[in-house]
>>> print(open('target-v8.txt').read())   # compact mmCIF, C-alpha atoms
# COMPACT_ATOMS: atom_id res chain seq x y z
CA MET S 1 53.79 72.73 -51.30
CA ALA S 2 53.34 73.59 -47.63
CA ARG S 3 55.73 70.80 -46.64
CA GLU S 4 58.34 71.50 -49.29
CA GLU S 5 60.55 74.56 -49.09
CA LYS S 6 61.18 74.73 -52.82
CA ILE S 7 60.70 72.86 -56.08
CA SER S 8 63.53 73.12 -58.60
CA PHE S 9 63.59 72.30 -62.29
CA ARG S 10 66.87 71.94 -64.18
CA TYR S 11 67.89 73.30 -67.55
CA SER S 12 66.90 71.06 -70.45
CA LEU S 13 70.05 69.58 -71.95
CA ILE S 14 68.28 68.43 -75.11
CA SER S 15 66.75 71.85 -75.87
CA SER S 16 70.02 73.62 -75.10
CA LEU S 17 72.07 71.36 -77.36
CA LEU S 18 69.56 71.58 -80.21
CA TYR S 19 69.50 75.36 -80.02
CA ALA S 20 73.30 75.61 -79.84
CA SER S 21 73.73 73.23 -82.78
CA PHE S 22 71.25 75.32 -84.76
CA PHE S 23 73.78 78.16 -84.58
CA ALA S 24 76.87 75.96 -84.86
CA ILE S 25 75.90 74.81 -88.36
CA PRO S 26 76.12 78.34 -89.87
CA VAL S 27 79.43 78.87 -88.07
CA VAL S 28 80.92 75.82 -89.80
CA TRP S 29 79.41 76.79 -93.16
CA LEU S 30 80.63 80.39 -92.89
CA GLY S 31 84.06 79.18 -91.76
CA ILE S 32 84.37 77.05 -94.89
CA ASP S 33 83.28 79.98 -97.09
CA LEU S 34 85.66 82.31 -95.28
CA TYR S 35 88.53 79.91 -95.96
CA ASP S 36 87.55 79.73 -99.63
CA TYR S 37 87.49 83.53 -100.00
CA PHE S 38 90.82 83.77 -98.18
CA SER S 39 92.38 81.15 -100.49
CA VAL S 40 91.20 83.02 -103.59
CA GLY S 41 92.46 86.34 -102.22
CA SER S 42 89.16 88.20 -102.30
CA VAL S 43 89.56 90.97 -99.71
CA SER S 44 85.92 92.11 -99.90
CA GLY S 45 84.70 88.50 -99.64
CA VAL S 46 86.92 87.85 -96.63
CA PHE S 47 85.65 91.02 -94.95
CA VAL S 48 81.96 90.26 -95.51
CA MET S 49 82.28 86.62 -94.49
CA SER S 50 84.35 87.61 -91.43
CA VAL S 51 81.55 89.87 -90.21
CA PHE S 52 78.94 87.12 -90.57
CA PHE S 53 81.29 84.52 -89.13
CA ALA S 54 82.03 86.72 -86.10
CA PHE S 55 78.33 87.42 -85.51
CA PHE S 56 77.36 83.74 -85.55
CA MET S 57 80.44 82.80 -83.52
CA VAL S 58 79.57 85.30 -80.78
CA TYR S 59 75.93 84.18 -80.73
CA ALA S 60 76.89 80.49 -80.61
CA ALA S 61 79.30 81.22 -77.74
CA PHE S 62 76.60 83.21 -75.91
CA THR S 63 74.08 80.38 -76.33
CA THR S 64 76.60 77.86 -75.07
CA TYR S 65 77.45 80.02 -72.05
CA LYS S 66 73.83 80.91 -71.24
CA TYR S 67 72.12 77.54 -71.75
CA VAL S 68 74.40 74.58 -72.58
CA ILE S 69 76.93 74.98 -69.76
CA PRO S 70 74.23 75.33 -67.05
CA ALA S 71 72.47 72.28 -68.54
CA PHE S 72 75.65 70.19 -68.29
CA LYS S 73 76.19 71.44 -64.73
CA LYS S 74 72.58 70.42 -63.97
CA SER S 75 71.85 73.93 -62.71
CA THR S 76 68.40 75.07 -61.70
CA ALA S 77 66.46 76.89 -64.42
CA LEU S 78 63.18 77.43 -62.56
CA GLU S 79 62.57 77.48 -58.83
CA ILE S 80 59.26 77.69 -57.05
CA ASN S 81 59.69 78.54 -53.38
CA GLN S 82 57.90 80.09 -50.38
CA GLN S 83 58.47 83.66 -51.63
CA GLY S 84 57.74 83.24 -55.33
CA ILE S 85 59.15 82.16 -58.68
CA ILE S 86 62.78 82.42 -59.74
CA TYR S 87 63.47 82.05 -63.46
CA TYR S 88 67.24 81.83 -63.88
CA PRO S 89 67.61 82.13 -67.69
CA GLN S 90 66.40 85.75 -67.43
CA ASN S 91 67.40 86.36 -63.79
CA VAL S 92 63.82 87.10 -62.77
CA ILE S 93 62.33 86.87 -59.28
CA ILE S 94 58.58 87.39 -58.87
CA GLU S 95 56.91 87.31 -55.46
CA TRP S 96 53.56 85.57 -55.05
CA THR S 97 51.81 88.71 -53.81
CA ASP S 98 52.78 90.66 -56.93
CA ILE S 99 51.32 88.20 -59.46
CA THR S 100 48.02 89.36 -60.95
CA ASP S 101 47.54 86.89 -63.81
CA LEU S 102 49.15 83.74 -65.14
CA ARG S 103 48.79 82.10 -68.54
CA LEU S 104 50.41 79.20 -70.35
CA ALA S 105 50.71 79.73 -74.11
CA ASN S 106 51.70 76.99 -76.54
CA ASN S 107 53.03 77.97 -79.95
CA THR S 108 52.84 75.96 -83.15
CA GLN S 109 56.29 74.38 -82.65
CA GLY S 110 55.20 72.83 -79.35
CA PHE S 111 57.13 75.20 -77.10
CA SER S 112 55.36 76.67 -74.11
CA THR S 113 55.71 80.12 -72.64
CA LEU S 114 54.54 81.07 -69.19
CA HIS S 115 53.10 84.61 -69.21
CA CYS S 116 53.30 86.00 -65.70
CA TYR S 117 51.59 89.34 -65.14
CA TYR S 118 52.65 91.23 -62.04
CA ASN S 119 52.62 94.67 -60.48
CA LEU S 120 55.65 96.91 -60.52
CA PHE S 121 56.60 99.03 -57.53
CA ASN S 122 54.70 102.01 -59.02
CA GLY S 123 51.47 100.00 -59.38
CA ARG S 124 51.68 99.46 -63.13
CA GLU S 125 51.11 95.94 -64.44
CA THR S 126 53.64 94.28 -66.72
CA CYS S 127 54.28 90.81 -68.11
CA ILE S 128 57.34 88.62 -68.11
CA LYS S 129 57.41 85.79 -70.62
CA MET S 130 59.27 82.74 -69.35
CA SER S 131 60.08 80.22 -72.06
CA LEU S 132 59.74 76.71 -70.68
CA THR S 133 61.86 75.45 -73.60
CA TRP S 134 64.93 75.82 -71.37
CA VAL S 135 63.33 74.01 -68.43
CA ASP S 136 63.38 70.23 -68.13
CA CYS S 137 59.76 69.80 -67.08
CA ASP S 138 56.22 69.04 -68.11
CA ASP S 139 54.77 72.45 -68.91
CA GLU S 140 51.26 71.69 -67.66
CA ASP S 141 52.65 70.35 -64.35
CA VAL S 142 54.70 73.49 -63.76
CA PHE S 143 51.68 75.66 -64.53
CA GLY S 144 49.57 73.61 -62.09
CA ILE S 145 52.20 73.86 -59.33
CA ILE S 146 52.48 77.62 -59.76
CA GLU S 147 48.71 78.05 -59.87
CA ALA S 148 48.28 75.95 -56.69
CA ASN S 149 50.87 78.10 -54.94
CA LEU S 150 49.10 81.25 -56.07
CA GLU S 151 45.84 80.01 -54.60
CA GLU S 152 47.61 79.24 -51.33
CA ARG S 153 49.88 82.30 -51.02
CA ASN S 154 48.22 85.20 -52.86
CA PHE S 155 44.95 86.20 -51.20
CA LYS S 156 44.06 88.51 -54.10
CA TRP S 157 44.45 85.64 -56.59
CA GLN S 158 41.36 84.30 -58.26
CA HIS S 159 41.51 81.35 -60.62
CA HIS S 160 41.46 82.56 -64.22
CA ALA S 161 40.28 80.34 -67.03
CA THR S 162 42.97 79.89 -69.68
>>> encode(input="target-v8.txt", output="structure tokens")
Amino acid sequence: MAREEKISFRYSLISSLLYASFFAIPVVWLGIDLYDYFSVGSVSGVFVMSVFFAFFMVYAAFTTYKYVIPAFKKSTALEINQQGIIYYPQNVIIEWTDITDLRLANNTQGFSTLHCYYNLFNGRETCIKMSLTWVDCDDEDVFGIIEANLEERNFKWQHHAT
């Protein structure tokens, strides 16, 4: 990466749409039930369904705002640059010199999470988990690029077996 200033990966449109549709289905279902309770005149039913409908509506709107809109705009989700890693879904910036350990974990659904251990300003170590579900990339390639940059830019870094 010595020649390149930065490597950017966009938001995954497919993952974003699937996740948003996962919450849109209950919104439609609850909307239909809410209409039914309203038609019958059940005040308690309307109240209960309104609460659930509002919760799912807010969460679906949040998911759309946080993931779907940036995916349609082809915004950057993950950036690897000279200074470190920028993970936009969580607004995280980690400098190369602060990283102490890096792991790629795959769960049973096939989604990968990048576990990045780093030092805080007070010397304590903490971990940020970056879900690569939102990133349009090959998870192993991203891990390899980050690991290669760590070997090049962090003199304290030693390759860890994962």
>>> closest_residue(input="target-v8.txt", among="S:Val51, S:Val28, S:Ile146, S:Leu102", to="S:Lys129", atoms="all atoms listed in the file")
S:Leu102
>>> closest_residue(input="target-v8.txt", among="S:Asn81, S:Ser112, S:Asn106, S:Ser12", to="S:Ile145", atoms="only C-alpha atoms")
S:Asn81
>>> closest_residue(input="target-v8.txt", among="S:Trp96, S:Phe72, S:Tyr35, S:Tyr118", to="S:Arg10", atoms="all atoms listed in the file")
S:Phe72
>>> residues_around(input="target-v8.txt", residues="S:Val46", least_positions_apart="5", cutoff="12 Å", atoms="only C-alpha atoms", output="PyMOL selection string")
chain S and resi 30-41+51-54
>>> residues_around(input="target-v8.txt", residues="S:Ala20", least_positions_apart="6", cutoff="7 Å", atoms="all atoms listed in the file", output="ChimeraX atom specification")
/S:60,63-64
>>> residues_around(input="target-v8.txt", residues="S:Val92", least_positions_apart="5", cutoff="10 Å", atoms="all atoms listed in the file", output="VMD selection string")
chain S and resid 78 85 to 87 128 130
>>> atom_distance(input="target-v8.txt", atom1="atom CA of S:Gln90", atom2="atom CA of S:Ser15")
16.3 Å
>>> atom_distance(input="target-v8.txt", atom1="atom CA of S:Phe23", atom2="atom CA of S:Val68")
12.5 Å
>>> axis_aligned_box(input="target-v8.txt", around="stretch 41-56 of chain S", padding_each_side="6 Å", output="JSON")
{"center_x": 84.9, "center_y": 87.9, "center_z": -93.9, "size_x": 27.1, "size_y": 20.4, "size_z": 28.8}
>>> closest_residue(input="target-v8.txt", among="S:Glu152, S:Glu125, S:Asp136, S:Glu5", to="S:Ile99", atoms="all atoms listed in the file")
S:Glu125
>>> atom_distance(input="target-v8.txt", atom1="atom CA of S:Asn119", atom2="atom CA of S:Cys137")
26.7 Å
>>> residues_around(input="target-v8.txt", residues="S:Gln83", least_positions_apart="6", cutoff="9 Å", atoms="only C-alpha atoms", output="number ranges by chain")
S: 94-97, 153
>>> closest_residue(input="target-v8.txt", among="S:Pro26, S:Gly84, S:Pro89, S:Gly45", to="S:Cys116", atoms="only C-alpha atoms")
S:Gly84
>>> closest_residue(input="target-v8.txt", among="S:Ser44, S:Ala105, S:Ser16, S:Thr100", to="S:Tyr117", atoms="all atoms listed in the file")
S:Thr100
>>> residues_near_point(input="target-v8.txt", point="(62.1, 77.4, -73.4)", cutoff="8 Å", atoms="all atoms listed in the file", output="VMD selection string")
chain S and resid 15 111 to 113 130 to 135
>>> build_atoms(input="target-v8.txt", residues="stretch 82-114 of chain S", atoms="N, CA and C atoms", output="short mmCIF file (atom, residue, chain, number, x, y, z; two decimals), in the coordinates of the input")
data_model
loop_
_atom_site.label_atom_id
_atom_site.label_comp_id
_atom_site.auth_asym_id
_atom_site.auth_seq_id
_atom_site.Cartn_x
_atom_site.Cartn_y
_atom_site.Cartn_z
N GLN S 82 58.87 79.46 -51.28
CA GLN S 82 57.90 80.09 -50.38
C GLN S 82 57.61 81.55 -50.77
N GLN S 83 58.63 82.24 -51.31
CA GLN S 83 58.47 83.66 -51.63
C GLN S 83 57.91 83.91 -53.03
N GLY S 84 58.20 83.01 -53.97
CA GLY S 84 57.74 83.24 -55.33
C GLY S 84 58.40 82.33 -56.35
N ILE S 85 58.59 82.89 -57.54
CA ILE S 85 59.15 82.16 -58.68
C ILE S 85 60.49 82.79 -59.04
N ILE S 86 61.48 81.95 -59.25
CA ILE S 86 62.78 82.42 -59.74
C ILE S 86 63.03 81.73 -61.07
N TYR S 87 63.19 82.54 -62.11
CA TYR S 87 63.47 82.05 -63.46
C TYR S 87 64.89 82.47 -63.83
N TYR S 88 65.82 81.54 -63.73
CA TYR S 88 67.24 81.83 -63.88
C TYR S 88 67.70 82.23 -65.28
N PRO S 89 67.13 81.70 -66.37
CA PRO S 89 67.61 82.13 -67.69
C PRO S 89 67.51 83.65 -67.93
N GLN S 90 66.55 84.30 -67.28
CA GLN S 90 66.40 85.75 -67.43
C GLN S 90 66.70 86.49 -66.13
N ASN S 91 67.13 85.76 -65.10
CA ASN S 91 67.40 86.36 -63.79
C ASN S 91 66.21 87.14 -63.25
N VAL S 92 65.06 86.47 -63.20
CA VAL S 92 63.82 87.10 -62.77
C VAL S 92 63.35 86.47 -61.47
N ILE S 93 62.95 87.33 -60.53
CA ILE S 93 62.33 86.87 -59.28
C ILE S 93 60.99 87.60 -59.17
N ILE S 94 59.92 86.82 -59.02
CA ILE S 94 58.58 87.39 -58.87
C ILE S 94 57.97 86.84 -57.59
N GLU S 95 57.53 87.74 -56.71
CA GLU S 95 56.91 87.31 -55.46
C GLU S 95 55.44 86.98 -55.70
N TRP S 96 54.95 86.03 -54.89
CA TRP S 96 53.56 85.57 -55.05
C TRP S 96 52.57 86.71 -54.94
N THR S 97 52.78 87.63 -54.03
CA THR S 97 51.81 88.71 -53.81
C THR S 97 51.75 89.70 -54.96
N ASP S 98 52.76 89.72 -55.81
CA ASP S 98 52.78 90.66 -56.93
C ASP S 98 52.08 90.12 -58.18
N ILE S 99 51.89 88.81 -58.25
CA ILE S 99 51.32 88.20 -59.46
C ILE S 99 49.83 88.51 -59.56
N THR S 100 49.43 89.03 -60.73
CA THR S 100 48.02 89.36 -60.95
C THR S 100 47.34 88.41 -61.94
N ASP S 101 48.11 87.81 -62.83
CA ASP S 101 47.54 86.89 -63.81
C ASP S 101 48.63 85.93 -64.28
N LEU S 102 48.23 84.77 -64.69
CA LEU S 102 49.15 83.74 -65.14
C LEU S 102 48.52 82.98 -66.29
N ARG S 103 49.29 82.82 -67.37
CA ARG S 103 48.79 82.10 -68.54
C ARG S 103 49.88 81.23 -69.13
N LEU S 104 49.49 80.10 -69.66
CA LEU S 104 50.41 79.20 -70.35
C LEU S 104 50.03 79.21 -71.82
N ALA S 105 50.96 79.65 -72.67
CA ALA S 105 50.71 79.73 -74.11
C ALA S 105 51.58 78.71 -74.82
N ASN S 106 50.97 77.96 -75.72
CA ASN S 106 51.70 76.99 -76.54
C ASN S 106 51.75 77.52 -77.97
N ASN S 107 52.95 77.53 -78.57
CA ASN S 107 53.03 77.97 -79.95
C ASN S 107 52.96 76.77 -80.89
N THR S 108 53.04 77.03 -82.16
CA THR S 108 52.84 75.96 -83.15
C THR S 108 53.98 74.95 -83.17
N GLN S 109 55.17 75.31 -82.67
CA GLN S 109 56.29 74.38 -82.65
C GLN S 109 56.27 73.48 -81.42
N GLY S 110 55.31 73.67 -80.54
CA GLY S 110 55.20 72.83 -79.35
C GLY S 110 55.93 73.37 -78.13
N PHE S 111 56.46 74.58 -78.24
CA PHE S 111 57.13 75.20 -77.10
C PHE S 111 56.13 76.00 -76.29
N SER S 112 56.27 75.95 -74.98
CA SER S 112 55.36 76.67 -74.11
C SER S 112 56.04 77.88 -73.50
N THR S 113 55.24 78.91 -73.29
CA THR S 113 55.71 80.12 -72.64
C THR S 113 54.76 80.45 -71.51
N LEU S 114 55.32 80.69 -70.36
CA LEU S 114 54.54 81.07 -69.19
C LEU S 114 54.49 82.59 -69.15
#
